[in-house]
Structures are given as structure tokens and as C-alpha cells.
Amino acid sequence: MTTSIKKLPDNEQVLSGNGACGGCPSTMALRMVGKALGPNAIMLLTPACAVASMGMTPKLGYDWPCINICFATAGSSASGITHALEILKEKGRLQGEVPTVFNWVGDGGTYDIGFQALSAAAERNENIIHFCYNNEAYSNTGVQRSGATPRGTFTTTTPTGKRQPKKNMPLLMLEHNIPYVATATVAYPADLYDKVVKAKSIPGMKYIEILSPCYLGWQFDMAETVKMSRMAVHSGAWLLWEAENGKITFNSPSSQIISGKKAAQPIDEYLKQQGRFSRLLKGPDAEQRIAEIQGDIDREIAFMRERAKITI
């Protein structure tokens, strides 16, 4: 049963006065993560919006020890810190509970530049949590395409719309045979909180990807971050699920779409709310390109429905 948002802990690991944009989904999600992890954690960040908004060292906008690392090294850096903590514990130089080591990384540092080290850490089953806050582009450096960018999206490197579909990174992490994989978004904060609490309790590698609509990159009003997150889920463009030891379970409302109890909303209205698709919607081949995006979503739903049947 999902935790009531009224019963979430009062602790705040994201401090007021940080430099995040208004309506920033990364900061909103990190508040929930902080409530779930508590203060006994170490946070690693690759170059991304969360680094740009954290403040000037040594005064930080996050109430954890924070380490800025290279773009490609989230997996290896977190692994090294985890092993160092384990050694300190064995030697009696670290008292009490060992801190949770977690990465807070965008889609660029997960899908693309950081994938090699992340894949290696997953293969070794390192005892870390890797969070990918996915805003579907390199937003912090001017909105360039990434492997997470959906088909049809305008970015500065795809001025006529990206022609390729995005890849399913959570599924790729699942195929590494790690003990826990989950997806979440800020429209369902209690769902995110519960998944982080569960991940913290599981030894080994955990991967949680959070859809993070960026008002600058996606081009919508900053007050509509939660609305865009919810529309993504209701249209099937973002599925909420988790997998423990390879077994996939879908979370509401995605579970209703997967089971056929509720049809996913057509993608048209979701696309119209975002300026990043405006060129696609105005072109002479608009219907065809919208149909391609709808086809990507329909195939993903059908594939994940069948993949969830595999429990071995």
C-alpha cells in the first residue's frame, strides 16, 4: 500500500535558497529521496542541473556530504566510496550504520557519457543507488539531444526533430540482473518515496529513474511540471514499474494501462502542451510523425506487458 503523503517524514535534505529553477523536477524529486534516505547518506553528482543549483562550496543547497565527480564516472566513483566505507567499518573506524551511497545524475550521465562505468558497477552488483533524473535532454548545457530524447523532439542538435526513438534505460539496467530497478516521477511523490525506502533496504545495486519534465527544455510553463509528469504517465509515454530480482510489477496508474482496464490517453494532447514538439505539429507531415510517436509508445507498452510475464 502506497504511503500517504501526509505521513512522510518531516526531515528536509534539500535546503531552501538553492539555485534551482522554479518548478524544477530534480529538486522536487530530491526532496522525496531525502525523506526516504534520511541524513545518513553520501551524494555524488556528475555535471548537470543539480550541480549548477547546489550553491557555492562549502555552503551547499543539499544537507548531505556532496562530491562533484566527472561526467563519466558515477558508477566507478560510487563504487570506490562504498568500498572505502566498508573497509573503515571493518577496521572499526566507522561507527554506527554505514551511510547510503547514491548517485544523483541526469540522463546524459546515465544513458550516454556515464553508461560504461554504470554498466560495470551493475555487473559487479555494487552496493549503491543510482538515480537518473531524466529530463530527456542535456538541459544544463543548452538542450542537446541525448539517448533519452523521444522521437520528434526539437533540441539544438535536432532542429527538425529527433528521428530516432529513445532507448529503454531501466530495462537495460534490469538485464544486468541487479536486485532492484524502478521508475518514478514527481506527479506521484509517495510512489517515489516508497521505492527509495525499498531500495535502501536491499543490498547490492539499485537503479531508480525519475521522469523530470524540464520547463526550459520541454518549453511549458514552469508551474505545470507536475501536470506534465502526470500526462506522461496517463498517455503511456512513461510507465511506472519496479522489478525485484527480475520480476516486474507495474504501479498505478500504469498497472491499469498494462492490464487493459484503462486505455492510455492519445499522445496528441501531451505533445501539444510542449513547445519542443511545435515544429512536428506544424509541419505538413505532422499526422505521420505524431503517429510514429504513438507507435513508439504502443510498442513499448506491448513489449513491457510481455516482458513482465518472464519471471525466471
# chains A, B, ... in the order shown; residues from 1 in each chain; ligands from 1

call {"tool": "residues_around", "arguments": {"residues": "Ser201 of chain A", "least_positions_apart": "3", "cutoff": "10 Å", "atoms": "only C-alpha atoms", "output": "ChimeraX atom specification"}}
result
/A:37,100,196-198,204

call {"tool": "write_last_selection", "arguments": {"atoms": "N, CA and C atoms", "output": "short mmCIF file (atom, residue, chain, number, x, y, z; two decimals), in the first residue's frame"}}
result
data_model
loop_
_atom_site.label_atom_id
_atom_site.label_comp_id
_atom_site.auth_asym_id
_atom_site.auth_seq_id
_atom_site.Cartn_x
_atom_site.Cartn_y
_atom_site.Cartn_z
N LEU A 37 15.77 8.54 2.38
CA LEU A 37 17.11 8.13 2.77
C LEU A 37 17.51 8.65 4.14
N THR A 100 24.36 5.47 3.20
CA THR A 100 23.92 5.08 1.87
C THR A 100 24.66 5.93 0.85
N VAL A 196 12.20 4.37 -2.94
CA VAL A 196 13.51 4.69 -2.38
C VAL A 196 13.71 3.98 -1.05
N VAL A 197 12.68 3.96 -0.22
CA VAL A 197 12.76 3.23 1.05
C VAL A 197 13.08 1.76 0.79
N LYS A 198 12.43 1.17 -0.19
CA LYS A 198 12.68 -0.23 -0.52
C LYS A 198 14.10 -0.41 -1.03
N GLY A 204 23.23 -4.45 -2.56
CA GLY A 204 23.58 -4.55 -3.96
C GLY A 204 23.18 -3.31 -4.74
#

call {"tool": "select_by_dssp", "arguments": {"residues": "segment 102-274 of chain A", "states": "strand (DSSP E or B)", "output": "number ranges by chain"}}
result
A: 102-106, 129-134, 138, 144, 155, 158, 180-185, 206-211, 241-244, 247-250

call {"tool": "write_last_selection", "arguments": {"atoms": "C-alpha atoms", "output": "short mmCIF file (atom, residue, chain, number, x, y, z; two decimals), in the first residue's frame"}}
result
data_model
loop_
_atom_site.label_atom_id
_atom_site.label_comp_id
_atom_site.auth_asym_id
_atom_site.auth_seq_id
_atom_site.Cartn_x
_atom_site.Cartn_y
_atom_site.Cartn_z
CA PHE A 102 23.91 7.33 -4.06
CA ASN A 103 24.40 8.99 -7.43
CA TRP A 104 22.16 11.88 -8.49
CA VAL A 105 22.75 12.05 -12.23
CA GLY A 106 20.91 13.28 -15.33
CA ILE A 129 21.70 3.52 -5.53
CA HIS A 130 21.92 5.21 -8.91
CA PHE A 131 19.22 7.81 -9.52
CA CYS A 132 18.72 9.12 -13.04
CA TYR A 133 16.61 12.27 -13.10
CA ASN A 134 15.62 12.11 -16.74
CA TYR A 138 21.20 17.78 -21.95
CA GLN A 144 21.05 18.96 -26.82
CA THR A 155 16.70 20.23 -29.47
CA THR A 158 17.97 18.09 -33.70
CA TYR A 180 16.14 -3.66 -7.83
CA VAL A 181 15.08 -1.38 -10.70
CA ALA A 182 12.27 1.17 -10.60
CA THR A 183 10.78 4.12 -12.44
CA ALA A 184 9.03 7.11 -10.87
CA THR A 185 8.02 10.72 -11.47
CA LYS A 206 19.75 -0.37 -7.24
CA TYR A 207 18.64 1.80 -10.15
CA ILE A 208 15.76 4.30 -9.99
CA GLU A 209 14.89 6.53 -12.95
CA ILE A 210 12.69 9.58 -12.38
CA LEU A 211 10.98 11.35 -15.27
CA TRP A 241 7.07 -0.06 -12.59
CA GLU A 242 9.54 -1.77 -10.32
CA ALA A 243 11.41 -5.05 -10.50
CA GLU A 244 12.72 -7.06 -7.57
CA LYS A 247 10.20 -9.75 -11.51
CA ILE A 248 8.38 -6.70 -12.87
CA THR A 249 5.38 -5.17 -11.10
CA PHE A 250 3.53 -2.20 -12.57
#

call {"tool": "closest_atom_pairs", "arguments": {"of": "segment 100-204 of chain A", "to": "segment 284-291 of chain A", "cutoff": "12 Å", "atoms": "only C-alpha atoms", "output": "CSV"}}
result
residue,atom,partner,partner_atom,distance
A:Pro150,CA,A:Ile290,CA,11.6
A:Arg151,CA,A:Arg289,CA,8.7
A:Gly152,CA,A:Arg289,CA,7.0
A:Thr153,CA,A:Arg289,CA,10.6
A:Thr160,CA,A:Arg289,CA,11.6
A:Gly161,CA,A:Arg289,CA,9.7
A:Lys162,CA,A:Arg289,CA,10.6
A:Arg163,CA,A:Arg289,CA,9.3
A:Gln164,CA,A:Arg289,CA,11.4
A:Pro165,CA,A:Arg289,CA,11.7

call {"tool": "select_by_dssp", "arguments": {"residues": "segment 131-286 of chain A", "states": "helix (DSSP H, G or I)", "output": "ChimeraX atom specification"}}
result
/A:139-141,169-174,189-201,215-218,222-234,254-259,268-272,275-282,286

call {"tool": "residues_around", "arguments": {"residues": "Ala20 of chain A", "least_positions_apart": "4", "cutoff": "10 Å", "atoms": "only C-alpha atoms", "output": "mmCIF file with N, CA and C atoms, in the first residue's frame"}}
result
data_model
loop_
_atom_site.group_PDB
_atom_site.id
_atom_site.type_symbol
_atom_site.label_atom_id
_atom_site.label_comp_id
_atom_site.auth_asym_id
_atom_site.auth_seq_id
_atom_site.Cartn_x
_atom_site.Cartn_y
_atom_site.Cartn_z
ATOM 1 N N CYS A 24 11.482 23.129 -10.686
ATOM 2 C CA CYS A 24 12.493 22.152 -11.085
ATOM 3 C C CYS A 24 12.125 20.756 -10.585
ATOM 4 N N PRO A 25 11.948 19.782 -11.485
ATOM 5 C CA PRO A 25 11.559 18.443 -11.059
ATOM 6 C C PRO A 25 12.675 17.700 -10.341
ATOM 7 N N SER A 26 13.933 18.023 -10.670
ATOM 8 C CA SER A 26 15.044 17.371 -9.974
ATOM 9 C C SER A 26 15.003 17.696 -8.488
ATOM 10 N N THR A 27 14.813 18.963 -8.162
ATOM 11 C CA THR A 27 14.765 19.369 -6.761
ATOM 12 C C THR A 27 13.543 18.802 -6.061
ATOM 13 N N MET A 28 12.403 18.785 -6.756
ATOM 14 C CA MET A 28 11.186 18.216 -6.172
ATOM 15 C C MET A 28 11.380 16.737 -5.853
ATOM 16 N N CYS A 49 22.253 19.838 -13.973
ATOM 17 C CA CYS A 49 21.500 20.922 -13.338
ATOM 18 C C CYS A 49 21.618 20.886 -11.817
ATOM 19 N N ALA A 50 21.638 19.683 -11.232
ATOM 20 C CA ALA A 50 21.688 19.576 -9.776
ATOM 21 C C ALA A 50 22.986 20.138 -9.217
ATOM 22 N N VAL A 51 24.072 20.079 -9.995
ATOM 23 C CA VAL A 51 25.330 20.693 -9.576
ATOM 24 C C VAL A 51 25.239 22.210 -9.708
ATOM 25 N N ALA A 52 24.686 22.676 -10.804
ATOM 26 C CA ALA A 52 24.582 24.117 -11.043
ATOM 27 C C ALA A 52 23.715 24.810 -10.001
ATOM 28 N N SER A 53 22.765 24.083 -9.422
ATOM 29 C CA SER A 53 21.829 24.703 -8.483
ATOM 30 C C SER A 53 22.167 24.436 -7.025
ATOM 31 N N MET A 54 23.272 23.739 -6.750
ATOM 32 C CA MET A 54 23.550 23.335 -5.369
ATOM 33 C C MET A 54 24.172 24.439 -4.527
ATOM 34 N N GLY A 55 24.646 25.517 -5.147
ATOM 35 C CA GLY A 55 25.246 26.617 -4.394
ATOM 36 C C GLY A 55 26.754 26.579 -4.451
ATOM 37 N N GLY A 61 23.286 23.551 -1.100
ATOM 38 C CA GLY A 61 21.832 23.533 -1.019
ATOM 39 C C GLY A 61 21.288 22.174 -0.628
#

call {"tool": "residues_around", "arguments": {"residues": "His83 of chain A", "least_positions_apart": "4", "cutoff": "9 Å", "atoms": "only C-alpha atoms", "output": "PDB file with N, CA and C atoms, in the first residue's frame"}}
result
ATOM      1  N   ALA A  78      31.163   5.999  -7.146  1.00  0.00           N
ATOM      2  CA  ALA A  78      30.314   5.493  -6.066  1.00  0.00           C
ATOM      3  C   ALA A  78      30.817   4.147  -5.567  1.00  0.00           C
ATOM      4  N   SER A  79      31.309   3.324  -6.483  1.00  0.00           N
ATOM      5  CA  SER A  79      31.858   2.019  -6.086  1.00  0.00           C
ATOM      6  C   SER A  79      33.037   2.204  -5.145  1.00  0.00           C
ATOM      7  N   ILE A  87      35.613  -0.819   4.283  1.00  0.00           N
ATOM      8  CA  ILE A  87      36.908  -1.049   4.920  1.00  0.00           C
ATOM      9  C   ILE A  87      36.990  -0.319   6.263  1.00  0.00           C
ATOM     10  N   LEU A  88      36.517   0.935   6.288  1.00  0.00           N
ATOM     11  CA  LEU A  88      36.500   1.686   7.542  1.00  0.00           C
ATOM     12  C   LEU A  88      35.657   0.985   8.596  1.00  0.00           C
ATOM     13  N   GLU A 126      27.461  -3.565  -7.220  1.00  0.00           N
ATOM     14  CA  GLU A 126      27.939  -2.684  -6.159  1.00  0.00           C
ATOM     15  C   GLU A 126      26.767  -2.204  -5.292  1.00  0.00           C
ATOM     16  N   ASN A 127      27.057  -1.987  -4.025  1.00  0.00           N
ATOM     17  CA  ASN A 127      26.009  -1.609  -3.071  1.00  0.00           C
ATOM     18  C   ASN A 127      25.785  -0.094  -3.103  1.00  0.00           C
TER      19      ASN A 127
END

call {"tool": "atom_distance", "arguments": {"atom1": "atom CA of Ile297 of chain A", "atom2": "atom CA of Lys166 of chain A"}}
result
10.4 Å
